[in-house]
Each structure stands twice: as structure tokens, then as C-alpha cells.
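Undergrad: Below you'll find the structure I mean.
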Amino acid sequence: MSPNQQQSTDNRPVLEMPEGQEPPHSDQWQQLSRWSVLSFTLSASKQLLMQGYAVVPIVYTGWKKGFDSPLMLLVISAVLLGIIINGLVQYFTFRFRALDNKLEVRRGLVFVRRDELPLDKIQNIRLDQPFYFKPLNLCTLVIETAGSSDSEVSIAAMSLERAQELKSHLLGEGRHAADAMQGATSVATSASTSASTSAAASDATSAQGLAEASAKASGASTKAQGASAKTSERRDDIQVIHRSARELVIFGLYHNNLIWLAVFAGSLLGQIPLHEIIERLGFEAASQWQSKGPLLLAMLSLALIAAGYLALSLLSVLFALLKYFPYALHLLHSTAQHRPQSEGSAKRQPTLERRGGIIAHQQDAAAMRRVQLVAFNQPPLARLIGRWTVFFHQVKGSEVERVAKLPMLVPALKESELAPLLAKLAALPGGDASLPSISTLNPIHKAWFYRKLIPLLVVAVAALIALSSLVSTSSLLSTSSLIGELVLTGALLASLGLWLRYRHYGYQHSNDLLWLRSGLLGHTLVRIPLGKVQHVRLHQSPWQRRHKLATLELGLASGVQRLPWVPLEHAKAIADHSLRLTRTDRRNWI
Amino acid sequence: MQEQDLDHSAAYRLLEPGHWSVFELPALQRVEKSYAKMLSIMVTVPIAALVLGLSVLLWRDGLHQLLWGVPAIVLLLCLAAVYLCRRHVAHLGYGVTELEIISQKGIWWQSRTALPYSRIQHVTLSQGPLERRFGLARIECFSAGSGTAEIEIAGLAEATAEALRSHLLGKAGAQDA
């Protein structure tokens with residue numbers, strides 16, 4: 001943007017927002033609510049605490065000394081002042097405006113940063129309500145676009161109604177409403193506009209549990225009805241599925257991984273005097289037990305591992321509850337009731353919305369057409385209890401849970417709940433298709449297993465032969481026999497792993513979908529809409545060429561999926577099908 | 001589009017000649033032969049430097065009788081490298097069809113990639129110092145969500161690369177509102 005243009009836009013009058021009076025979107029720059037200072041200050045403090053737990057010991061020792069050091073007081077007050085000034089500066093410099101096709105955000109005092117988010121590039125929109133905003137009926141709107149991970153804009157401290165309106169506008173609904181205000185002429189457009197405006201209004205209505213619809217929103221809908229007489233569409237808000245606390249506990253138990261710990265507990269751990277605990281409990285006990293023989297020591301360490309795992313599980317359950325309870329997945333879309341001729345333009349985008357969260361109430365919304373692939377996942381524990389997690393993967397780098405890199409998910413589904421869920425989500429890219437049964441999937445070629453097993457065994461045997469020849473010449477018999485056992489165990493485990501992986505591979509190509517299963521102890525069944533494929537690649541080794549096999553690689557915006565060692569004809573059929581679907585399809589696919 | 005109207009249910013049917021897919025296209029475009037020369041230089045010069053450095057060490061340590069092997073080793077390694085470079089370049093290929101771009105590589109482990117124009121996010125044309133010396137350039141095509149180029153075509157003549165770039169840019173990406 002040229003300096004002149006910058007100048008001219010900067011000179012526009014800034015619209016001061018009298019609380020509750022402002023328009024949902026206008027081409028004038030808008031300022032944040034004064035409460036945003038609170039949110040800026042708190043988030044800066046939180047960041048400081050999260051990243052600064054290294055200085056906790058220093059503060060701790062300072063505390064013990066009674067804070068009598070004037071330097072300490074000075075530093076602390078300087079930091080606090082800095083945080084508050086930072087909040088004020090952010091509040092005074094933050095400007096945004098929602099135009100018909102993009103959202104513009106300007107911020108910064110010294111380094112002015114200006115973001116333009118084209119509406120059709122917006123990946124998902126999140127409505128965060130931290131606990132301190134609950135009594136104020138405010139929330140923070142987080143808008144993410146495809147691309148780098150920092151391409152995210154948050155608009156802090158908006159009133160709930162306004163946030164809902166802006167959200168509908170950004171999701172491509174308000175755009176048509178704006179057209180209606182300017183007097184759209186064609187039949188198709190006016191049909192879509194009326195629908196979308198009322199959609200925007202009823203979207204605000206649908207936010208029960210968060211807030212009552214404001215008089216403002218109903219005002220918008222009356223205006224819309226004035227603009228075009230009849231609404232031919234109805235906005236639906238269907239609750240697709242909800243999860244009880246018990247199910248979230250189950251989810252926490254089986255989805256117990258270190259990601260949770262890394263994300264949430266990293267800062268906590270830094271503050272626990274871990275060394276002291278270990279010294280007090282672990283080492284003393286270990287030194288006592290050590291004298292009583294290796295068996296007891298092994299049992300002790302097993303017990304420690306079990307206790308650690310249990311602690312992790314408890315944390316995981318706790319976080320699953322805090323994060324998701326009460327979990328509800330909603331599907332928002334409007335159904336065309338009349339005017340089939342204008343269907344193309346009148347059809348609104350179905351949107352998935354996840355609601356829930358105890359500490360911070362959160363609403364994640366993602367347009368269905370942006371979902372790249374759906375993964376039905378079962379970690380090993382979940383297989384034992386027959387539960388599944390369903391993930392909705394979007395373009396890489398714009399996951400709904402930004403910190404944990406977790407896409408939108410449905411936790412702890414029973415096997416019998418999968419098919420009904422999928423049936424409700426018929427608008428997923430790739431068309432309506434039922435879940436294939438795992439036994440009907442095509443296996444990959446058995447050579448995948450043998451061609452990997454043989455080199456492994458050759459290496460293991462060679463290592464054993466080398467060891468035995470070493471034994472005859474050296475006196476280190478016990479050491480080398482131990483190494484031999486290790487080599488044997490390793491080879492055995494690796495062969496078992498290979499076999500399990502081989503057995504878990506499976507695929508099925510039906511219409512515009514490819515189902516692909518893979519796994520080692522757990523397993524994942526992935527639903528790949530071939531219309532979302534970006535690039536296709538066929539790999540062939542000389543052996544594969546001779547036996548008419550190939551490894552197929554499908555590149556999607558959510559990552560690469562590989563289908564190894566399948567008949568060349570199948571790989572080609574899938575690849576060609578993807579190309580047929582994508583090469584003439586000029587619509588935005590991410 | 002006509003192709004969209006084809007019967008998709010016969011998923012695994014054999015294709016008739018003439019309906020062959022991009023994975024059946026017999027001959028792709030070759031890249032410039034000078035690219036093999038460039039690659040050979042890039043590979044052999046470090047090898048020669050390494051072996052010569054080693055021989056200086058041998059000389060210093062008085063292992064003069066071993067020095068006779070040095071030219072032989074250099075020659076052997078360089079010949080092998082030049083042969084491999086030539087084979088590698090001979091197996092590089094690219095194709096610009098009406099609706100997608102194709103690249104192919106690999107002497108033994110071969111792979112062929114197709115990326116429809118509609119899925120290209122951006123295109124880069126780059127040229128290293130040595131490539132500039134040889135009048136070569138490379139084209140990289142990126143789609144969404146990954147940091148690496150899905151299609152990389154190295155060893156293009158500058159003019160070809162420039163033409164290809166503008167061709168791709170004209171056709172790339174989603175073109176709706």
C-alpha cells in the first residue's frame with residue numbers, strides 16, 4: 001500500500017463506540033471496547049507467567065527475604081507498569097473494520113502492523129469467553145486464516161451480540177446482507193440475501209447459553225425483511241452430538257498423551273520443587289531397596305512408572321473436562337425450502353460449531369467445506385474399551401486448538417455412534433458415504449511386509465554372527481551375550497511392529513472418497529475426499545515396477561497421506577480420479 | 001466439464017489407449033543437458049578437493065607410497081559421480097498439460113507427481129550462482145499446507161523457466177470470489 005493511501009485511510013474519522021450502539025460492520029475504523037485493556041493486560045501477564053517461570057526461584061528467594069530489596073520492588077513495579085502501558089497502547093492503537101470482502105485490522109504504535117483478511121480465506125472463527133468476561137457479557141473473537149500460524153487476529157472485549165453478528169458476517173453471511181441494503185436486483189441474490197440476513201439474526205438467537213438475542217439483532221432482521229419481502233429459507237441450528245462428563249472422563253483416560261502436559265502443565269511443573277520431592281521420596285527409597293535385590297528394584301520402578309501414568313491420566317481427565325465440558329457439537333445451516341432455481345447461490349455454508357469449556361467458555365466454528373479430512377482414531381487403550389475419537393482436519397497450521405495443534409474433535413464415541421454422526425454430517429466434502437467396515441477394506445500387497453522384513457533379519461543375523469565371532473576371540477562373554485539378546489529382542493519387536501503395521505493397512509475407493517486405515521497398536525481410519533487432493537504422486541521401486549505395484553501419495557492441505565504397495569491399476573485409478581475432480585474445479589478448496 | 005461427466009463408479013477400470021492418464025504419458029520433456037554438466041561440477045569439485053586434502057595429509061605424514069592411489073581414486077569417484085549425474089538428469093522430466101503440471105525423477109526409485117493448476121498456491125523461480133553461470137533456473141510450485149514444494153523442476157533454460165512461470169501464474173489457483 002502506498003504511503004498516500006495509508007495517509008488517506010488513516011485520516012478517516014475513527015468511530016468511537018458508544019457501548020451497544022455501533023453497527024455490526026461498517027467501512028469506518030472501529031475501536032475496541034475499553035474493557036479490552038483488561039484482556040490485553042491479563043493475556044500479557046499470563047504470557048509472562050507462562051514463559052517466565054524460570055524466574056520463579058528468584059522471586060521465591062526474594063519472597064523469603066521479605067521483599068526488602070528495593071531493587072526487587074522496582075523491578076516488579078516496572079514490569080507491572082509495562083504490562084499495563086502495553087495494554088493501554090494496544091487499546092488505543094487497535095482499529096478494525098469489516099468490509100464486504102475483507103476484515104482489516106491495524107495495530108501497533110511504533111511498528112504499525114496492518115492485516116487484511118479476505119473473508120473467503122478465513123478458516124475458522126472462535127468465540128472465547130474467559131471467566132472475567134462472563135459477568136460483563138463480553139467475549140473475544142479469534143479469526144484464523146490459512147497460512148502461517150501467526151496469521152491470527154483477535155478482537156478483544158466485544159459484546160456477545162456484536163461478536164455473533166461480526167462472526168456471521170465474516171462467515172460470508174453478512175456479505176449478502178450488505179448487498180441487500182444496497183438494493184440487490186437479481187432474483188437469485190435477493191433470495192440469498194434475505195435468507196442470510198435472517199440467518200445472521202437467528203444466529204444471534206441461537207447463542208442461547210451464551211447470551212440472549214439482543215434487540216439489536218432483531219432490528220437487523222426486520223430491516224432485512226424490509227429490504228426483500230419474503231424469506232424463503234430457514235436457518236437451522238442442529239445439535240449433532242453432545243458429550244456427558246462421564247464420556248469426557250473416558251476421553252481423558254484414553255487420550256492421555258504428553259501434549260496435554262506440555263501445553264497446560266509446563267508452567268506448573270516449573271514451580272513444583274521437583275528435586276526435593278525426588279530426593280526425599282525416590283532416591284532414599286531406591287537406595288534402601290537397592291540392597292534388597294534387583295527384582296524388588298524392578299518392581300519399584302514399575303510401580304513408579306504406573307504411578308506416573310496414573311498421575312498423567314488424572315491430569316489428562318482434568319484438562320479434558322476443563323477444556324470441553326459441557327461438550328456440544330452443532331451444525332448450523334439453512335435449508336432451501338423454495339426456489340430450487342436459485343439453489344446455487346441461495347445455499348448457505350453449513351458450519352460446524354463446538355461449544356463448551358468450564359474455565360473459558362469457547363465456541364469454535366469451522367465451515368464444513370473447509371474440512372479436509374476426517375480421521376476416526378482409536379489409541380490402544382480406546383480399542384480395549386471400544387471408543388473412538390473423530391478429528392476434523394483443516395489446512396495445516398490453522399488447527400482450532402492452536403497451542404495443542406489439535407483439530408476440532410468429537411471425543412469418546414461408541415462404535416454405534418459413528419455411523420449416525422457421519423450421516424448427520426452429509427455436507428462434508430466428498431459426498432455422503434457410510435463408514436466402511438474394516439473387514440471389507442482391501443489389504444496392501446504382502447510384499448510390503450516381506451521386503452522390509454528381509455533386510456531387517458539380514459542385519460540382525462549379521463550382527464549376531466559378528467558378535468559370536470567376537471566372543472570367540474575376547475573374554476567379554478557376558479557383555480556380548482547381553483548385546484546378542486538385545487539384538488534378538490529388537491529384531492523380534494521390529495518384525496512384530498512391521499507385521500502389525502502391515503495388518504493395519506487397508507483402503508477402499510468408492511466414488512469420490514478414499515478410505516485409508518493405518519496403525520500400529522492403535523489405528524486410524526481416514527476419510528479422504530478426493531476432491532480435496534492437491535498433488536498426487538506415484539512411487540515405484542524397480543521391484544514394484546516389475547510386479548506392477550506402486551506407492552500412492554496424496555497431498556492434501558492437511559498433510560500427505562500415503563497408500564503403500566497397492567496394485568498399480570488401483571493407485572492409478574485413485575490418482576486419476578482425484579485429478580479428474582480437481583483439475584477443473586476452480587473453487588477455493590482450503 | 002466433459003471429464004467431470006465421466007462415469008466415476010467404474011473406479012478400477014482399465015483405461016483405453018487415448019484416455020491414458022498423466023501417469024501413462026510416455027515421454028515427458030527433458031531438462032537441459034547442461035544441467036548434468038552443472039551437477040557434475042557441483043559434485044566432483046568437492047570430492048576432488050576432499051581427496052586432494054587427504055593426500056596433502058598423507059604427504060605430510062610421509063606416507064608417500066600411498067599417494068599413487070590418489071589420482072586413481074579421484075578419477076574413479078569423479079567418473080562414478082559424473083555417470084550418476086548424467087543418469088539422474090536423464091531421468092528428470094516435466095510435462096505441462098492443459099490442466100496440470102507433471103514432474104518425474106529417480107533413476108531406480110522413480111516417482112511421478114501431478115499437480116493441477118487449480119491447486120497451485122504460488123510459484124517461485126530461483127537461480128543459484130552456478131545456475132546463473134550456466135543460464136539455468138528452477139521452478140517450484142507450492143500448494144497449501146506444506147512448506148516444501150510439491151513440484152520442483154530444475155535445469156530449465158532461463159527463457160523456458162520464465163515462460164513456464166508466467167504460464168503457471170496465469171493458470172494457478174482457485175479463481176472464484
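Following the order of the C-alpha cells, chains are lettered A, B, ..., residues in each are numbered from 1, and ligands are numbered from 1.
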Give me, as a PyMOL selection string, all polymer residues having an atom no more than 12 Å from Thr160 (chain B), counting only C-alpha atoms and skipping those fewer than 2 positions away in the same chain.

TA: chain B and resi 29-32+96+125+135-139+153-158+162-168

Undergrad: Find the residues in chain A near chain B: any atom within 9 Å counts, using only C-alpha atoms. Write them as a ChimeraX atom specification.

TA: /A:120,146-148,395-397,509-512,533-542,553,555-560,569-577,579-590

Undergrad: Out of region 39-168 of chain B, which residues get strand (DSSP E or B) from DSSP, as a PyMOL selection string?

TA: chain B and resi 93-96+100-105+110-116+122-126+136-142+151-157

Undergrad: Export, as a compact mmCIF listing (two decimals), in the first residue's frame, the selected residues with N, CA, C and O atoms.

TA:
```
# COMPACT_ATOMS: atom_id res chain seq x y z
N GLY B 93 12.18 -35.29 -15.68
CA GLY B 93 11.27 -34.91 -16.75
C GLY B 93 10.16 -34.04 -16.22
O GLY B 93 9.88 -34.04 -15.02
N TYR B 94 9.58 -33.28 -17.11
CA TYR B 94 8.43 -32.49 -16.69
C TYR B 94 7.44 -32.43 -17.84
O TYR B 94 7.81 -32.62 -19.00
N GLY B 95 6.20 -32.20 -17.50
CA GLY B 95 5.18 -32.10 -18.53
C GLY B 95 4.21 -31.00 -18.19
O GLY B 95 3.84 -30.83 -17.03
N VAL B 96 3.86 -30.21 -19.20
CA VAL B 96 2.89 -29.14 -18.98
C VAL B 96 1.67 -29.50 -19.81
O VAL B 96 1.68 -29.36 -21.02
N GLU B 100 -2.70 -29.59 -15.83
CA GLU B 100 -1.83 -29.81 -14.68
C GLU B 100 -0.37 -29.79 -15.08
O GLU B 100 -0.06 -29.80 -16.27
N ILE B 101 0.46 -29.75 -14.07
CA ILE B 101 1.90 -29.82 -14.33
C ILE B 101 2.41 -31.11 -13.70
O ILE B 101 1.99 -31.53 -12.64
N ILE B 102 3.34 -31.75 -14.42
CA ILE B 102 3.82 -33.07 -14.03
C ILE B 102 5.32 -33.01 -13.90
O ILE B 102 6.00 -32.35 -14.70
N SER B 103 5.85 -33.68 -12.89
CA SER B 103 7.30 -33.82 -12.84
C SER B 103 7.65 -35.25 -12.50
O SER B 103 6.85 -35.97 -11.91
N GLN B 104 8.84 -35.63 -12.89
CA GLN B 104 9.25 -37.02 -12.72
C GLN B 104 10.72 -37.06 -12.38
O GLN B 104 11.51 -36.26 -12.88
N LYS B 105 11.11 -37.96 -11.49
CA LYS B 105 12.52 -38.09 -11.17
C LYS B 105 12.82 -39.49 -10.66
O LYS B 105 11.90 -40.27 -10.35
N GLN B 110 11.64 -44.47 -8.85
CA GLN B 110 11.08 -43.41 -9.67
C GLN B 110 9.77 -42.90 -9.07
O GLN B 110 9.02 -43.65 -8.47
N SER B 111 9.55 -41.62 -9.26
CA SER B 111 8.26 -41.08 -8.83
C SER B 111 7.79 -40.04 -9.84
O SER B 111 8.60 -39.35 -10.46
N ARG B 112 6.49 -40.00 -9.98
CA ARG B 112 5.91 -39.00 -10.88
C ARG B 112 4.82 -38.26 -10.11
O ARG B 112 4.00 -38.87 -9.43
N THR B 113 4.87 -36.93 -10.20
CA THR B 113 3.95 -36.09 -9.43
C THR B 113 3.10 -35.27 -10.39
O THR B 113 3.63 -34.74 -11.37
N ALA B 114 1.83 -35.18 -10.09
CA ALA B 114 0.96 -34.31 -10.88
C ALA B 114 0.28 -33.32 -9.94
O ALA B 114 -0.21 -33.70 -8.89
N LEU B 115 0.31 -32.07 -10.33
CA LEU B 115 -0.33 -31.01 -9.53
C LEU B 115 -1.23 -30.20 -10.47
O LEU B 115 -0.72 -29.55 -11.39
N PRO B 116 -2.54 -30.26 -10.26
CA PRO B 116 -3.42 -29.47 -11.14
C PRO B 116 -3.19 -27.98 -10.91
O PRO B 116 -2.89 -27.56 -9.80
N HIS B 122 1.38 -20.92 -4.95
CA HIS B 122 2.31 -19.97 -5.54
C HIS B 122 3.46 -20.67 -6.25
O HIS B 122 3.70 -21.85 -6.05
N VAL B 123 4.11 -19.90 -7.08
CA VAL B 123 5.17 -20.43 -7.94
C VAL B 123 6.42 -19.60 -7.70
O VAL B 123 6.35 -18.38 -7.62
N THR B 124 7.56 -20.26 -7.53
CA THR B 124 8.80 -19.48 -7.44
C THR B 124 9.76 -19.92 -8.52
O THR B 124 9.81 -21.08 -8.90
N LEU B 125 10.51 -18.94 -8.97
CA LEU B 125 11.57 -19.20 -9.93
C LEU B 125 12.86 -18.82 -9.22
O LEU B 125 12.97 -17.71 -8.71
N SER B 126 13.81 -19.74 -9.13
CA SER B 126 15.04 -19.39 -8.43
C SER B 126 16.26 -19.79 -9.24
O SER B 126 16.18 -20.65 -10.12
N LEU B 136 20.75 -21.43 -16.32
CA LEU B 136 19.66 -22.33 -15.93
C LEU B 136 18.83 -21.71 -14.81
O LEU B 136 19.26 -20.77 -14.15
N ALA B 137 17.66 -22.25 -14.61
CA ALA B 137 16.81 -21.79 -13.50
C ALA B 137 15.93 -22.95 -13.08
O ALA B 137 15.80 -23.95 -13.79
N ARG B 138 15.36 -22.82 -11.87
CA ARG B 138 14.44 -23.85 -11.42
C ARG B 138 13.10 -23.26 -11.03
O ARG B 138 13.01 -22.12 -10.58
N ILE B 139 12.09 -24.07 -11.24
CA ILE B 139 10.71 -23.66 -10.92
C ILE B 139 10.22 -24.52 -9.78
O ILE B 139 10.42 -25.74 -9.77
N GLU B 140 9.60 -23.88 -8.80
CA GLU B 140 8.99 -24.64 -7.72
C GLU B 140 7.52 -24.24 -7.60
O GLU B 140 7.20 -23.06 -7.62
N CYS B 141 6.66 -25.24 -7.48
CA CYS B 141 5.23 -24.98 -7.32
C CYS B 141 4.79 -25.46 -5.95
O CYS B 141 5.10 -26.59 -5.56
N PHE B 142 4.10 -24.60 -5.24
CA PHE B 142 3.64 -24.92 -3.89
C PHE B 142 2.12 -24.97 -3.86
O PHE B 142 1.46 -24.15 -4.47
N ILE B 151 6.11 -29.64 -6.55
CA ILE B 151 6.73 -29.85 -7.85
C ILE B 151 8.00 -29.02 -7.91
O ILE B 151 7.97 -27.83 -7.59
N GLU B 152 9.10 -29.66 -8.26
CA GLU B 152 10.34 -28.91 -8.45
C GLU B 152 10.93 -29.33 -9.78
O GLU B 152 11.18 -30.51 -10.01
N ILE B 153 11.13 -28.35 -10.63
CA ILE B 153 11.72 -28.64 -11.93
C ILE B 153 13.01 -27.86 -12.03
O ILE B 153 13.00 -26.63 -12.13
N ALA B 154 14.13 -28.58 -11.94
CA ALA B 154 15.43 -27.93 -12.01
C ALA B 154 15.99 -28.10 -13.40
O ALA B 154 15.55 -28.98 -14.16
N GLY B 155 16.98 -27.29 -13.75
CA GLY B 155 17.68 -27.44 -15.01
C GLY B 155 16.89 -26.98 -16.22
O GLY B 155 16.99 -27.57 -17.30
N LEU B 156 16.09 -25.94 -16.04
CA LEU B 156 15.39 -25.36 -17.17
C LEU B 156 16.23 -24.21 -17.72
O LEU B 156 16.91 -23.52 -16.96
N ALA B 157 16.17 -24.01 -19.02
CA ALA B 157 16.80 -22.83 -19.59
C ALA B 157 16.07 -21.61 -19.07
O ALA B 157 14.85 -21.66 -18.85
```

Undergrad: Rounded to one decimal place, report the CA of Leu297 (chain A)-CA of Tyr254 (chain A) distance in Å.

TA: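 About the pair CA of Leu297 (chain A) and CA of Tyr254 (chain A): they are 28.4 Å apart.
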
Undergrad: For each of A:Phe92, A:Pro411, A:Asp115, A:Ser416, take the minimum atom-to-atom distance to Val249 (chain A), counting only C-alpha atoms, then give the residue where this is smallest.

TA: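 Checking each of A:Phe92, A:Pro411, A:Asp115, A:Ser416 against Val249 (chain A), counting only C-alpha atoms, the winner is A:Pro411.
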
Undergrad: Between A:Leu406, A:Ala163, A:Met158, A:Leu513, which is the closest to Val526 (chain A) once you count only C-alpha atoms?

TA: A:Leu513
